[in-house]
Amino acid sequence: MGAGGWIGFERYMELALYTPGLGYYARGDRQFGHLPGGPGGGSDFVTAPEMSPLFGRALARQVEQALQATGTREVWEFGAGSGALAAQLLGALGEQVERYTIVDLSGALRSRQQQTLAAFAGRVRWVDALPESLEGVVVGNEVLDAMPVALLHFDGRQWHERGVAMDDGRFAWVDRPTALRPPLDAGAVPGTTTELHRQAEAFIGTLAGTLQRGAAFFIDYGFPEAEYYHPQRTGGTLMCHRGHLADPDPLSDAGDKDITAHVNFTGVALAGQDAGLDVLGYTTQAHFLFNCGLLADLEGAGLRERTLAQKLFHEHEMGELFKVVGFSKGVEPFDALGFAHGDRSHTL
Ligand SMILES: C[S@@+](CC[C@H](N)C(=O)[O-])C[C@H]1O[C@@H](n2cnc3c(N)ncnc32)[C@H](O)[C@@H]1O
């Protein structure tokens with residue numbers, strides 16, 4: 001705990017997720033993977049590449065186009081989970097990818113990824129941090145939502161930063177008046193709690209400084225600023241996941257469950273632009289995957305594979321809530337395949 005026993009929620013979330021050996025993502029057990037009741041059982045949530053290999057196959061077409069448009073031969077993946085997406089992309093792209101680099105904050109998942117990617121061993125490498133410069137196509141699925149957020153609370157009179165202190169041996173919420181404000185204050189309702197995404201935006205800024213030539217695609221749940229900070233949205237988006245159940249209490253069982261917040265895609269796009277990236281497009285996951293040829297892939301799929309793949313684009317599943325934002329740098333911006341129809345950049 002910091003001075004006075006209080007730490008901002010942003011720091012609490014960082015500790016709960018990334019403390020070596022203890023943090024949720026630093027332990028490397030369980031988390032990713034299987035559907036409830038599925039053969040592997042025991043995971044906490046399932047992500048798109050775990051749901052269906054058709055996710056990676058469709059994304060591969062976008063990556064292929066971006067490699068060609070940028071004249072690069074490397075793929076960089078942030079937060080690669082079980083390695084499923086890497087296997088799908090490498091399988092689809094073959095020798096077009098000279099080197100595939102996985103960047104993760106913790107090395108805890110590395111042995112699992114090494115097993116998944118054994119067939120591509122010569123071309124995959126792992127790094128703990130961004131290099132000084134990179135060229136290639138960057139991908140990140142559900143990485144931005146795992147970056148710590150600050151919490152703001154409006155009591156009707158003033159804004160507070162919400163933090164955590166120890167009370168009787170347990171974590172408890174403690175609010176402190178703050179000069180911090182949501183990026184858009186359209187008349188917050190008393191009692192509103194919301195998030196600030198300073199770390200995700202700083203991450204995009206750092207990536208922009210590092211990327212010399214290439215493109216980047218981030219897929220995640222979230223919405224534009226006007227929706228994120230809409231006065232009717234009073235509860236924020238902070239959520240925990242364990243055993244395929246969601247709960248709203250990050251203060252219990254720290255380290256044993258995922259903590260996540262939706263992404264403010266306006267903030268991400270602006271952070272990219274401010275740091276020299278061009279925005280290639282922004283759209284829903286459903287539009288992106290259709291633009292990348294998912295429907296044609298479905299035709300050849302069996303019933304189970306089809307049912308699972310449908311979750312990727314159904315509106316009430318991942319199709320509408322999940323979005324994709326694309327950037328380029330060091331090249332003429334190109335018409336990226338994934339944003340050919342249904343680009344919603346104007347809503348950012
Ligand atoms: C929700 S998981 C997603 C895993 C995988 N992409 C998937 O779709 O199954 C988030 C991952 O992002 C990683 N992560 C968070 N912040 C990161 C950062 N700044 N750089 C690299 N990886 C990061 C976490 O360690 C974790 O492995």
# chains A, B, ... in the order shown; residues from 1 in each chain; ligands from 1
>>> residues_around(residues="range 274-284 of chain A", least_positions_apart="5", cutoff="9 Å", atoms="only C-alpha atoms", output="ChimeraX atom specification")
/A:204-209,211,215,265,269,289,313,318-330,333-336,338-348
>>> residues_near_ligand(ligand="ligand 1", cutoff="7 Å", atoms="only C-alpha atoms and all ligand atoms", output="number ranges by chain")
A: 25, 32, 47-50, 78-82, 103-106, 140-144, 146-147, 203
>>> write_last_selection(atoms="N, CA and C atoms", output="mmCIF file, in the first residue's frame")
data_model
loop_
_atom_site.group_PDB
_atom_site.id
_atom_site.type_symbol
_atom_site.label_atom_id
_atom_site.label_comp_id
_atom_site.auth_asym_id
_atom_site.auth_seq_id
_atom_site.Cartn_x
_atom_site.Cartn_y
_atom_site.Cartn_z
ATOM 1 N N TYR A 25 -2.355 -12.918 -14.419
ATOM 2 C CA TYR A 25 -1.703 -13.266 -15.688
ATOM 3 C C TYR A 25 -0.259 -13.707 -15.502
ATOM 4 N N PHE A 32 -6.963 -19.417 -19.870
ATOM 5 C CA PHE A 32 -7.511 -19.365 -21.214
ATOM 6 C C PHE A 32 -8.014 -20.685 -21.625
ATOM 7 N N THR A 47 -11.695 -16.847 -25.458
ATOM 8 C CA THR A 47 -11.502 -15.738 -26.390
ATOM 9 C C THR A 47 -11.727 -16.241 -27.823
ATOM 10 N N ALA A 48 -11.790 -15.299 -28.757
ATOM 11 C CA ALA A 48 -12.166 -15.654 -30.131
ATOM 12 C C ALA A 48 -11.279 -16.746 -30.757
ATOM 13 N N PRO A 49 -9.934 -16.641 -30.642
ATOM 14 C CA PRO A 49 -9.132 -17.698 -31.278
ATOM 15 C C PRO A 49 -9.319 -19.061 -30.615
ATOM 16 N N GLU A 50 -9.741 -19.057 -29.334
ATOM 17 C CA GLU A 50 -10.009 -20.332 -28.664
ATOM 18 C C GLU A 50 -11.362 -20.880 -29.115
ATOM 19 N N PHE A 78 0.924 -9.204 -29.369
ATOM 20 C CA PHE A 78 0.943 -8.833 -27.945
ATOM 21 C C PHE A 78 -0.033 -9.724 -27.186
ATOM 22 N N GLY A 79 0.419 -10.233 -26.022
ATOM 23 C CA GLY A 79 -0.467 -11.024 -25.155
ATOM 24 C C GLY A 79 -1.049 -12.222 -25.862
ATOM 25 N N ALA A 80 -0.210 -13.233 -26.126
ATOM 26 C CA ALA A 80 -0.626 -14.312 -27.034
ATOM 27 C C ALA A 80 -1.409 -15.444 -26.374
ATOM 28 N N GLY A 81 -1.712 -15.347 -25.089
ATOM 29 C CA GLY A 81 -2.571 -16.351 -24.442
ATOM 30 C C GLY A 81 -2.023 -17.759 -24.599
ATOM 31 N N SER A 82 -2.849 -18.664 -25.086
ATOM 32 C CA SER A 82 -2.428 -20.061 -25.234
ATOM 33 C C SER A 82 -1.558 -20.270 -26.470
ATOM 34 N N VAL A 103 5.067 -10.861 -27.677
ATOM 35 C CA VAL A 103 5.456 -9.946 -26.601
ATOM 36 C C VAL A 103 4.431 -10.105 -25.484
ATOM 37 N N ASP A 104 4.885 -10.484 -24.300
ATOM 38 C CA ASP A 104 3.957 -10.534 -23.164
ATOM 39 C C ASP A 104 4.652 -10.019 -21.927
ATOM 40 N N LEU A 105 3.867 -9.423 -21.073
ATOM 41 C CA LEU A 105 4.410 -8.867 -19.829
ATOM 42 C C LEU A 105 4.988 -9.955 -18.947
ATOM 43 N N SER A 106 4.352 -11.109 -18.955
ATOM 44 C CA SER A 106 4.850 -12.188 -18.121
ATOM 45 C C SER A 106 5.219 -13.360 -19.015
ATOM 46 N N GLY A 140 -3.162 -7.761 -31.688
ATOM 47 C CA GLY A 140 -3.423 -7.942 -30.258
ATOM 48 C C GLY A 140 -4.899 -8.217 -30.066
ATOM 49 N N ASN A 141 -5.216 -9.408 -29.596
ATOM 50 C CA ASN A 141 -6.616 -9.745 -29.335
ATOM 51 C C ASN A 141 -6.859 -9.727 -27.835
ATOM 52 N N GLU A 142 -7.795 -8.918 -27.403
ATOM 53 C CA GLU A 142 -8.146 -8.801 -25.971
ATOM 54 C C GLU A 142 -6.926 -8.472 -25.103
ATOM 55 N N VAL A 143 -6.078 -7.603 -25.590
ATOM 56 C CA VAL A 143 -4.924 -7.166 -24.801
ATOM 57 C C VAL A 143 -5.228 -5.823 -24.140
ATOM 58 N N LEU A 144 -5.830 -4.920 -24.884
ATOM 59 C CA LEU A 144 -6.076 -3.575 -24.339
ATOM 60 C C LEU A 144 -7.008 -3.626 -23.129
ATOM 61 N N ALA A 146 -7.061 -5.736 -20.883
ATOM 62 C CA ALA A 146 -6.355 -6.287 -19.716
ATOM 63 C C ALA A 146 -5.374 -5.275 -19.133
ATOM 64 N N MET A 147 -5.365 -4.066 -19.690
ATOM 65 C CA MET A 147 -4.447 -3.051 -19.163
ATOM 66 C C MET A 147 -5.136 -2.276 -18.036
ATOM 67 N N PHE A 203 0.385 2.796 -23.962
ATOM 68 C CA PHE A 203 0.889 1.637 -24.707
ATOM 69 C C PHE A 203 0.841 1.907 -26.213
#
>>> closest_residue(among="A:Gly136, A:Gly235, A:Gly267, A:Gly23", to="Tyr100 in chain A", atoms="only C-alpha atoms")
A:Gly136
>>> select_by_dssp(residues="range 42-183 of chain A", states="strand (DSSP E or B)", output="VMD selection string")
chain A and resid 45 74 to 78 99 to 103 124 to 127 134 to 141 150 to 154 159 to 167 170 to 177
>>> closest_residue(among="A:Ala271, A:Ala108, A:Ala246, A:Leu294", to="Leu22 in chain A", atoms="only C-alpha atoms")
A:Ala108
>>> select_by_dssp(residues="range 21-199 of chain A", states="alpha helix (DSSP H)", output="ChimeraX atom specification")
/A:48-51,53-70,84-93,110-116,198-199
>>> decode(residues="range 221-233 of chain A", atoms="all heavy atoms", output="tab-separated table (two decimals), in the first residue's frame")
chain	number	residue	atom	x	y	z
A	221	TYR	N	-13.37	-5.74	-26.80
A	221	TYR	CA	-14.71	-5.20	-26.53
A	221	TYR	C	-14.58	-3.75	-26.08
A	221	TYR	O	-13.66	-3.39	-25.36
A	221	TYR	CB	-15.48	-6.02	-25.51
A	221	TYR	CG	-14.69	-6.64	-24.39
A	221	TYR	CD1	-14.43	-5.94	-23.21
A	221	TYR	CD2	-14.21	-7.94	-24.50
A	221	TYR	CE1	-13.73	-6.53	-22.17
A	221	TYR	CE2	-13.49	-8.53	-23.47
A	221	TYR	CZ	-13.25	-7.82	-22.32
A	221	TYR	OH	-12.55	-8.39	-21.30
A	222	GLY	N	-15.52	-2.96	-26.54
A	222	GLY	CA	-15.48	-1.55	-26.17
A	222	GLY	C	-16.29	-0.73	-27.14
A	222	GLY	O	-16.97	-1.26	-28.02
A	223	PHE	N	-16.22	0.58	-26.96
A	223	PHE	CA	-17.00	1.48	-27.82
A	223	PHE	C	-16.33	2.84	-27.91
A	223	PHE	O	-15.37	3.11	-27.19
A	223	PHE	CB	-18.44	1.66	-27.33
A	223	PHE	CG	-18.78	1.07	-26.00
A	223	PHE	CD1	-18.40	1.69	-24.83
A	223	PHE	CD2	-19.50	-0.12	-25.93
A	223	PHE	CE1	-18.73	1.15	-23.61
A	223	PHE	CE2	-19.82	-0.67	-24.69
A	223	PHE	CZ	-19.44	-0.02	-23.53
A	224	PRO	N	-16.89	3.71	-28.76
A	224	PRO	CA	-16.36	5.07	-28.87
A	224	PRO	C	-16.69	5.87	-27.61
A	224	PRO	O	-17.60	5.51	-26.84
A	224	PRO	CB	-17.09	5.67	-30.07
A	224	PRO	CG	-17.73	4.54	-30.77
A	224	PRO	CD	-17.95	3.47	-29.77
A	225	GLU	N	-15.95	6.95	-27.45
A	225	GLU	CA	-16.06	7.81	-26.27
A	225	GLU	C	-17.49	8.28	-25.96
A	225	GLU	O	-17.92	8.29	-24.81
A	225	GLU	CB	-15.19	9.04	-26.57
A	225	GLU	CG	-14.72	9.81	-25.41
A	225	GLU	CD	-13.54	10.67	-25.84
A	225	GLU	OE1	-13.76	11.81	-26.31
A	225	GLU	OE2	-12.40	10.19	-25.73
A	226	ALA	N	-18.22	8.69	-27.01
A	226	ALA	CA	-19.57	9.24	-26.78
A	226	ALA	C	-20.46	8.20	-26.12
A	226	ALA	O	-21.35	8.53	-25.33
A	226	ALA	CB	-20.18	9.69	-28.10
A	227	GLU	N	-20.24	6.95	-26.45
A	227	GLU	CA	-21.02	5.87	-25.86
A	227	GLU	C	-20.47	5.53	-24.48
A	227	GLU	O	-21.22	5.27	-23.53
A	227	GLU	CB	-20.90	4.65	-26.77
A	227	GLU	CG	-22.19	3.92	-27.02
A	227	GLU	CD	-21.96	2.80	-28.02
A	227	GLU	OE1	-21.44	3.08	-29.13
A	227	GLU	OE2	-22.27	1.66	-27.69
A	228	TYR	N	-19.14	5.49	-24.40
A	228	TYR	CA	-18.48	5.10	-23.15
A	228	TYR	C	-18.88	6.02	-22.00
A	228	TYR	O	-19.17	5.58	-20.89
A	228	TYR	CB	-16.95	5.13	-23.33
A	228	TYR	CG	-16.22	4.19	-22.40
A	228	TYR	CD1	-15.65	3.03	-22.90
A	228	TYR	CD2	-16.13	4.44	-21.04
A	228	TYR	CE1	-14.99	2.15	-22.07
A	228	TYR	CE2	-15.48	3.55	-20.20
A	228	TYR	CZ	-14.91	2.42	-20.72
A	228	TYR	OH	-14.27	1.54	-19.89
A	229	TYR	N	-18.85	7.31	-22.29
A	229	TYR	CA	-19.10	8.30	-21.23
A	229	TYR	C	-20.49	8.91	-21.33
A	229	TYR	O	-20.72	10.01	-20.86
A	229	TYR	CB	-17.99	9.36	-21.24
A	229	TYR	CG	-16.62	8.75	-21.00
A	229	TYR	CD1	-15.71	8.57	-22.04
A	229	TYR	CD2	-16.27	8.31	-19.72
A	229	TYR	CE1	-14.46	7.98	-21.81
A	229	TYR	CE2	-15.03	7.71	-19.49
A	229	TYR	CZ	-14.14	7.55	-20.54
A	229	TYR	OH	-12.91	6.96	-20.31
A	230	HIS	N	-21.40	8.18	-21.95
A	230	HIS	CA	-22.78	8.65	-22.04
A	230	HIS	C	-23.36	8.74	-20.63
A	230	HIS	O	-23.16	7.84	-19.80
A	230	HIS	CB	-23.60	7.66	-22.88
A	230	HIS	CG	-24.94	8.20	-23.26
A	230	HIS	ND1	-26.00	8.24	-22.37
A	230	HIS	CD2	-25.39	8.73	-24.40
A	230	HIS	CE1	-27.03	8.78	-22.96
A	230	HIS	NE2	-26.70	9.09	-24.19
A	231	PRO	N	-24.09	9.86	-20.31
A	231	PRO	CA	-24.60	10.03	-18.94
A	231	PRO	C	-25.43	8.85	-18.43
A	231	PRO	O	-25.48	8.59	-17.23
A	231	PRO	CB	-25.47	11.30	-19.05
A	231	PRO	CG	-24.95	12.03	-20.22
A	231	PRO	CD	-24.41	11.00	-21.18
A	232	GLN	N	-26.07	8.12	-19.34
A	232	GLN	CA	-26.89	6.99	-18.87
A	232	GLN	C	-26.05	5.80	-18.42
A	232	GLN	O	-26.53	4.89	-17.75
A	232	GLN	CB	-27.83	6.52	-19.97
A	232	GLN	CG	-29.03	7.43	-20.11
A	232	GLN	CD	-29.89	7.04	-21.29
A	232	GLN	OE1	-29.56	6.15	-22.07
A	232	GLN	NE2	-31.01	7.73	-21.43
A	233	ARG	N	-24.79	5.80	-18.84
A	233	ARG	CA	-23.94	4.66	-18.48
A	233	ARG	C	-23.26	4.98	-17.15
A	233	ARG	O	-22.16	5.48	-17.10
A	233	ARG	CB	-22.90	4.47	-19.60
A	233	ARG	CG	-22.24	3.14	-19.61
A	233	ARG	CD	-21.29	3.09	-20.80
A	233	ARG	NE	-21.95	2.73	-22.02
A	233	ARG	CZ	-22.33	1.50	-22.34
A	233	ARG	NH1	-22.11	0.50	-21.51
A	233	ARG	NH2	-22.92	1.25	-23.48
